[in-house]
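Down below is the structure, laid out as structure tokens.
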Amino acid sequence: MGFILKPEHEALRREIRSLAEEKIAPRAAEIDRSGEYPWDIQRLLASQGLLGYAIPEEYGGSGADLLSCCIVGEELARVCANSSLIFVVQKLAAYPIIIAGSEETKRKYLPEVASGEKLAAFCLTERDSGSDAGATKTMARREGDTYVINGQKCFITNGGLAKVHSVFCMTDPEKGYRGISAFCVGDDPAISVGKIEDKMGMRGAQVAELIFENCVVPAENRLGEEGTGFVTAMKTLDNSRPLVGAQALGIAQGALEAAVAWARERKAFGKPIGTLQGVGFMLADMATEVEAARLLVYEAAALADAGAPNLSIYSAMSKMKASDVAMSVTTDAVQVMGGYGYMRDHPVERMMRDAKVTQIYEGTNQVQRLVISRALLR
Ligand SMILES: Cc1cc2nc3c(=O)[nH]c(=O)nc-3n(C[C@H](O)[C@H](O)[C@H](O)COP(=O)(O)OP(=O)(O)OC[C@H]3O[C@@H](n4cnc5c(N)ncnc54)[C@H](O)[C@@H]3O)c2cc1C
């Protein structure tokens, strides 16, 4: 699929790029250094309608397609991965509600998520259940017209800041992953914040443990039938992984541009280092890998928008390829810049730290390989 974007997608890219360069890029280093959640950027994204970008119009969003979301995510990440994560997580956490919530639940919770008035969180991972989501221990026990949730989730982006949560709980432990059910849980005093993680990268994101202690949720907040939570989680990830791929792609693009600019200016042995074949070939490989990742990300997004039945495999490929490219390209960008690349004065060391998690979250790249190989062998 020789990927040529439609004029409206190109216009969207120009619009988001100019917003990102003007208002977000100047904040990127400071967000990383302070490690504080950037509420100013959250408000900026909300004011631009970007926090409800993927939410259907009838619930207050823009109903944008995934390809458009990927362009936005890529352009934000090109200058500031932390800012792109705000965009990515709001969509990730809203998606289970969009695809499995009752009409009442959608009307109650989605408009405030779409406006950005409330942050949302996707709560799947636990200390003993990361890649193996079937090992979920957080229990939701039915009591009349309610469920009572007890357990702990960890590594939750927006944990402690979010006021709307998509939570995956065991309702029937005998059934393994078929016993998982999803719930929409609002802001509840029965949810407390445990450990707030001190991270390598994405330092402006709050990633925390959430403890559910006798958290009572009305039964109508269950997302779909009992036992369908695992499928809802997987459908959500199929739809979100291209966006993580886009985030990784944006980080790689930013690092590539920084490396090229440096290679033009920096001189060694009397000439710009880019003209030294060893450096020029590195740049050529980096640019080619970035473009290959871009094609996979856009293709996966376009397939999702077309409702393709075999989305999982492309979604996994796009996230895996783009995140591996982000890691290698950011590492090479540091190398091209020599000692300067290692210093915090330049953005590539931040980009290298931010890139790493794209190989880990929303399923590690080993898990993506499992998804792809199982689909091939089926
Ligand atoms: C910054 C950050 C933000 C996050 N945000 C969220 C969030 O908002 N919501 C949420 O629910 N989770 C979130 N996560 C959790 C993330 O999705 C998990 O960390 C990830 O799924 C891996 O789980 P784990 O850390 O338990 O690793 P493990 O599952 O313990 O894996 C350890 C290693 O074993 C490998 N491995 C495991 N199983 C297999 C297998 N079958 N075959 C081959 N290799 C395997 C893994 O690839 C990995 O290398 C976040 C994580 C981070 C770091």
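Going through the structure tokens in order, the chains are called A, B, and so on, while each chain numbers its residues from 1 and the ligands are numbered from 1 in the order shown.
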Neighbours of Arg344 in chain A within 12 Å (only C-alpha atoms; same-chain residues fewer than 4 positions away dropped), as an MDAnalysis selection string?
-> chainID A and resid 28:30 32:33 334 339:340 348:353
Next, write the just-selected residues to a file, as a JSON list (two decimals), in the first residue's frame, keeping C-alpha atoms as the atom set.
```json
[["chain", "number", "residue", "atom", "x", "y", "z"],
["A", 28, "ALA", "CA", 9.19, 19.40, 26.58],
["A", 29, "ALA", "CA", 12.55, 19.51, 28.38],
["A", 30, "GLU", "CA", 11.06, 21.10, 31.50],
["A", 32, "ASP", "CA", 10.90, 15.82, 31.64],
["A", 33, "ARG", "CA", 13.14, 17.57, 34.16],
["A", 334, "VAL", "CA", 22.69, 9.92, 20.45],
["A", 339, "GLY", "CA", 29.12, 13.32, 23.69],
["A", 340, "TYR", "CA", 26.62, 16.10, 23.07],
["A", 348, "VAL", "CA", 17.82, 13.07, 21.96],
["A", 349, "GLU", "CA", 18.77, 11.61, 25.35],
["A", 350, "ARG", "CA", 15.20, 12.32, 26.54],
["A", 351, "MET", "CA", 13.84, 10.78, 23.35],
["A", 352, "MET", "CA", 15.92, 7.65, 23.93],
["A", 353, "ARG", "CA", 14.53, 7.27, 27.47]]
```
DSSP alpha helix (DSSP H) residues within range 94-262 of chain A, listed as a VMD selection string | chain A and resid 94 to 100 103 to 115 229 to 262
Residues within 9 Å of Met200 in chain A, only C-alpha atoms, excluding chain neighbours under 2 positions, as a list in words = Asp198, Met202, Arg203, Arg353, Asp354, Lys356 and Val357 of chain A
Ala121 in chain A surroundings by only C-alpha atoms, 6 Å radius, close-in-sequence under 3 positions cut, as an NGL selection string | :A and (93 or 158 or 162 or 165)
Once DSSP has gone over the backbone, tell me which residues of range 67-255 of chain A are in strand (DSSP E or B), as a PyMOL selection string.
-> chain A and resi 120-123+126+129+139-143+146-157+164-170+180-185+191-196+207-218+222-223
Take the selection from the previous step and output its residues with C-alpha atoms, as a short mmCIF file (atom, residue, chain, number, x, y, z; two decimals), in the first residue's frame.
```
data_model
loop_
_atom_site.label_atom_id
_atom_site.label_comp_id
_atom_site.auth_asym_id
_atom_site.auth_seq_id
_atom_site.Cartn_x
_atom_site.Cartn_y
_atom_site.Cartn_z
CA ALA A 120 -9.38 8.62 32.22
CA ALA A 121 -7.28 5.54 33.06
CA PHE A 122 -7.10 2.03 31.65
CA CYS A 123 -6.64 -0.40 34.54
CA GLU A 126 -1.43 -6.03 38.31
CA SER A 129 -0.55 -10.13 35.98
CA MET A 139 -12.18 -9.41 42.18
CA ALA A 140 -15.61 -7.96 41.37
CA ARG A 141 -18.19 -9.77 43.50
CA ARG A 142 -21.84 -9.42 42.55
CA GLU A 143 -24.07 -8.15 45.38
CA THR A 146 -23.98 -3.84 42.41
CA TYR A 147 -20.49 -5.29 42.18
CA VAL A 148 -17.94 -4.87 44.95
CA ILE A 149 -14.38 -4.51 43.67
CA ASN A 150 -11.34 -5.46 45.76
CA GLY A 151 -7.76 -5.66 44.56
CA GLN A 152 -4.78 -3.70 43.27
CA LYS A 153 -3.76 -2.48 39.85
CA CYS A 154 -0.24 -1.27 39.12
CA PHE A 155 1.58 0.85 36.52
CA ILE A 156 -1.63 2.76 35.76
CA THR A 157 -0.98 5.85 33.66
CA VAL A 164 -13.01 7.77 35.08
CA HIS A 165 -11.53 4.26 35.05
CA SER A 166 -11.94 1.25 32.78
CA VAL A 167 -11.19 -1.58 35.20
CA PHE A 168 -10.71 -5.25 34.38
CA CYS A 169 -11.70 -7.61 37.20
CA MET A 170 -12.22 -11.28 37.77
CA ILE A 180 -12.74 -11.39 33.43
CA SER A 181 -15.32 -8.59 33.24
CA ALA A 182 -14.79 -4.90 32.54
CA PHE A 183 -16.30 -2.03 34.53
CA CYS A 184 -16.49 1.71 34.27
CA VAL A 185 -15.66 3.17 37.67
CA ILE A 191 -10.00 3.83 45.28
CA SER A 192 -6.74 4.91 46.87
CA VAL A 193 -3.37 5.64 45.34
CA GLY A 194 -0.44 3.40 46.28
CA LYS A 195 3.08 3.69 44.93
CA ILE A 196 3.69 6.46 42.40
CA VAL A 207 2.01 6.13 36.68
CA ALA A 208 0.67 4.69 39.91
CA GLU A 209 -0.71 1.77 41.84
CA LEU A 210 -4.46 1.91 42.48
CA ILE A 211 -6.00 0.08 45.41
CA PHE A 212 -9.69 -0.85 45.28
CA GLU A 213 -11.12 -1.53 48.71
CA ASN A 214 -14.80 -2.52 48.80
CA CYS A 215 -15.44 -0.25 45.84
CA VAL A 216 -19.16 -0.53 45.08
CA VAL A 217 -20.10 -0.14 41.42
CA PRO A 218 -23.66 -0.27 40.03
CA ARG A 222 -20.37 -3.33 33.74
CA LEU A 223 -18.99 -2.98 30.22
#
```
